[in-house]
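Colleague: I have a structure here, written as C-alpha cells, and I will follow up with some questions on it.
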2 protein chains.
Amino acid sequence: MAASLLDQLMSSLRCLPGVGAKSAQRMAYHLLERDREGGRRLAAVMAKAMQQIGHCQRCRTLSEQELCQICSSKKRDSHLICVVETPSELAVIENSIDYRGHYFVLGGRLSPIDGIGPRELGLDLLAVRLEEGEIEEVILATNATVEGEVTARYIHDMADARGIKTTRIAQGVPMGGELEYIDGATLAHAFAGRSNF
Amino acid sequence: MAASLLDQLMSSLRCLPGVGAKSAQRMAYHLLERDREGGRRLAAVMAKAMQQIGHCQRCRTLSEQELCQICSSKKRDSHLICVVETPSELAVIENSIDYRGHYFVLGGRLSPIDGIGPRELGLDLLAVRLEEGEIEEVILATNATVEGEVTARYIHDMADARGIKTTRIAQGVPMGGELEYIDGATLAHAFAGRSNF
C-alpha cells in the first residue's frame, strides 16, 4: 500500500533541520487541523523560493536577481570586501553591525578531503574582483575552525600577491564570556591578541 | 519595497508550531543552500495535503477518502467506539495499544465560552451512530482536563439515555512517575481508583 498523504507530509517535513518524527507529526496535525491557510501559503512560497532564488553573479549570496541588493547598491563602499562562508553569515553581519562594504560568499570552506577546492568556492570569481583594482582591503570573516583558517590563509595569499591588504576578524573572549568556561584555544588567542587598555 | 522571497519564506515558515524567527531563518537557509530537492518535494506534498486531506464522514478523523481506513475496515470490532478529541490522539492510541474497535473524533471539547457546543463537535453524528444499535460500549478518552471531563459527562449522558454502557480511561500515576513529583489531583484520582493487588 502506498503511504498516505498524511504520512508523506510527515516524512517530507523531516527534511527541515531540527525536525524529527515527533515534531513532524505535530506540525502536520497542526497545519491540517488548525492552519490550512498557513500551510497553503507556506507551500506556495516554498515552491516559488526553491524555483526562483538563485545566487548573485557577483558575490554568490542568495538572490532573486542576477545581482543582489548589496552588489547593485551605489551606496556601499566598493573599496572594502568581506569574505564569509555562507549567506546566513552574511545576514548576521548585515543585521548586527554597521558594515558598509561589499561581500563575497564562499558557500563553504576549503576541504580537499570532501572535494571542495578553490573552484567550488568560486575563488576564480573573487580573483577577477581583486584584479579589478577597486578593492583596498579584504576582511576575512571565515569561521574560526581549522578549515576556516586554511581558507582565510589561501585568500590572504591571493590578495597579497596582488598587493591588497587583508585583515582577519578578531578572536578572543566573547561578550559576557566567563574565563572559567572558555576553552584554552580561545584563551590563547585572547592573550596573544591583547591590546592596550 | 515588497518583502523579498527569502523574507516571505522565513515568515511563512513561522506558521509551523514551535518555529520562531531563528529556526525559520535556519530552515530557509538550509533548504536553499543544501536541500532544494527536499524543499521542492515538501512544498508539493504540503500543497496536495492541504487540498486533498479532508475528514472521514463517519468518525471525523483526517482522511483522504470519504471513509477512513479504520471505518472502512471489516476487521474492526463494531461494538466498541472510542471517543477522542483530536486525530493525533487517535493516532497515539492506534500506534501504542492493541485497540481493535472504532473511533469518533470530536475535533475539540465542549467550551461554550469559545462557542464550541455539541454541534461543533459533531455530536449529532455520534448520536446517529449510537442509534444504529451496533455499539455496546463507548470508551471516553477525552483529555483529563475540566472541559474534557465535561465533554465525557455529556457523551455519557447521550449514551446512557440509549442504554449503552460507557467507560472512562483510568486516571492515576503514569508509568515511571515518582509520587514526590506528582500533583495532588492526580494522586487523589490514583487513590480513589485503587484496585486489589
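Starting from 1 in every chain, residues are counted up; chains themselves are A, B, ... following the order of the C-alpha cells, and ligands are numbered from 1 as listed.
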Near chain A, which residues of chain B fall within 10 Å when you count only C-alpha atoms, and what do they look like as number ranges by chain?

Modeller: B: 4-19, 23-33, 35-55, 61-64, 86-88, 91, 107

Colleague: Find the spatial neighbours of His102 in chain A, counting only C-alpha atoms, within a cut-off of 8 Å - ignore same-chain residues fewer than 3 positions away - and output them as a short mmCIF file (atom, residue, chain, number, x, y, z; two decimals) with C-alpha atoms, in the first residue's frame.

Modeller:
data_model
loop_
_atom_site.label_atom_id
_atom_site.label_comp_id
_atom_site.auth_asym_id
_atom_site.auth_seq_id
_atom_site.Cartn_x
_atom_site.Cartn_y
_atom_site.Cartn_z
CA ILE A 70 24.06 44.87 -1.84
CA CYS A 71 26.05 44.38 -5.07
CA ARG A 76 28.18 50.69 -0.47
CA ASP A 77 31.91 51.17 -0.11
CA SER A 78 33.47 49.40 -3.08
CA LEU A 80 36.06 47.00 1.09
CA ILE A 81 35.09 43.36 0.67
CA CYS A 82 34.22 40.92 3.44
#

Colleague: Mind checking DSSP for range 22-132 of chain A and telling me the alpha helix (DSSP H) residues as a PyMOL selection string?

Modeller: chain A and resi 22-34+36-52+69-72+87-96+123-131

Colleague: Once you have the residues from the selection above, write them out as a short mmCIF file (atom, residue, chain, number, x, y, z; two decimals), in the first residue's frame, restricted to C-alpha atoms.

Modeller:
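File written: again_1.cif
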data_model
loop_
_atom_site.label_atom_id
_atom_site.label_comp_id
_atom_site.auth_asym_id
_atom_site.auth_seq_id
_atom_site.Cartn_x
_atom_site.Cartn_y
_atom_site.Cartn_z
CA LYS A 22 7.52 13.81 16.78
CA SER A 23 7.82 17.44 15.64
CA ALA A 24 6.89 16.48 12.07
CA GLN A 25 3.75 14.78 13.36
CA ARG A 26 2.87 17.79 15.47
CA MET A 27 3.43 20.14 12.54
CA ALA A 28 1.36 18.06 10.12
CA TYR A 29 -1.60 17.83 12.51
CA HIS A 30 -1.32 21.50 13.39
CA LEU A 31 -1.48 22.58 9.75
CA LEU A 32 -4.31 20.21 8.85
CA GLU A 33 -6.42 20.84 11.93
CA ARG A 34 -5.80 24.48 12.66
CA ARG A 36 -4.68 25.09 6.40
CA GLU A 37 -4.44 28.62 5.04
CA GLY A 38 -0.94 28.98 6.52
CA GLY A 39 0.01 25.59 5.10
CA ARG A 40 -1.22 26.53 1.63
CA ARG A 41 0.66 29.81 1.73
CA LEU A 42 3.85 28.17 3.01
CA ALA A 43 3.68 25.51 0.28
CA ALA A 44 3.27 28.16 -2.42
CA VAL A 45 6.06 30.41 -1.13
CA MET A 46 8.39 27.45 -0.64
CA ALA A 47 7.85 26.14 -4.18
CA LYS A 48 8.43 29.62 -5.58
CA ALA A 49 11.53 30.21 -3.44
CA MET A 50 13.13 26.88 -4.43
CA GLN A 51 12.50 27.79 -8.05
CA GLN A 52 13.37 31.47 -8.20
CA GLN A 69 20.70 44.29 -3.45
CA ILE A 70 24.06 44.87 -1.84
CA CYS A 71 26.05 44.38 -5.07
CA SER A 72 23.72 46.64 -7.04
CA PRO A 87 24.70 33.58 3.03
CA SER A 88 23.36 33.24 6.58
CA GLU A 89 26.67 34.56 7.97
CA LEU A 90 26.37 37.50 5.57
CA ALA A 91 22.88 38.11 7.00
CA VAL A 92 24.21 38.01 10.59
CA ILE A 93 26.86 40.63 9.82
CA GLU A 94 24.42 42.76 7.84
CA ASN A 95 21.84 42.68 10.64
CA SER A 96 24.12 43.25 13.58
CA LEU A 123 37.71 31.82 -5.86
CA ASP A 124 38.24 32.40 -9.61
CA LEU A 125 35.37 34.90 -9.37
CA LEU A 126 36.99 36.50 -6.33
CA ALA A 127 40.30 36.71 -8.23
CA VAL A 128 38.55 38.64 -11.01
CA ARG A 129 37.25 41.13 -8.45
CA LEU A 130 40.65 41.53 -6.86
CA GLU A 131 42.08 42.18 -10.36
#

Colleague: Counting only C-alpha atoms, what is within 12 Å of Ala159 in chain B, bar same-chain residues fewer than 2 positions away, as a PyMOL selection string?

Modeller: chain B and resi 81+83+123+126-133+135-140+152-157+161-167
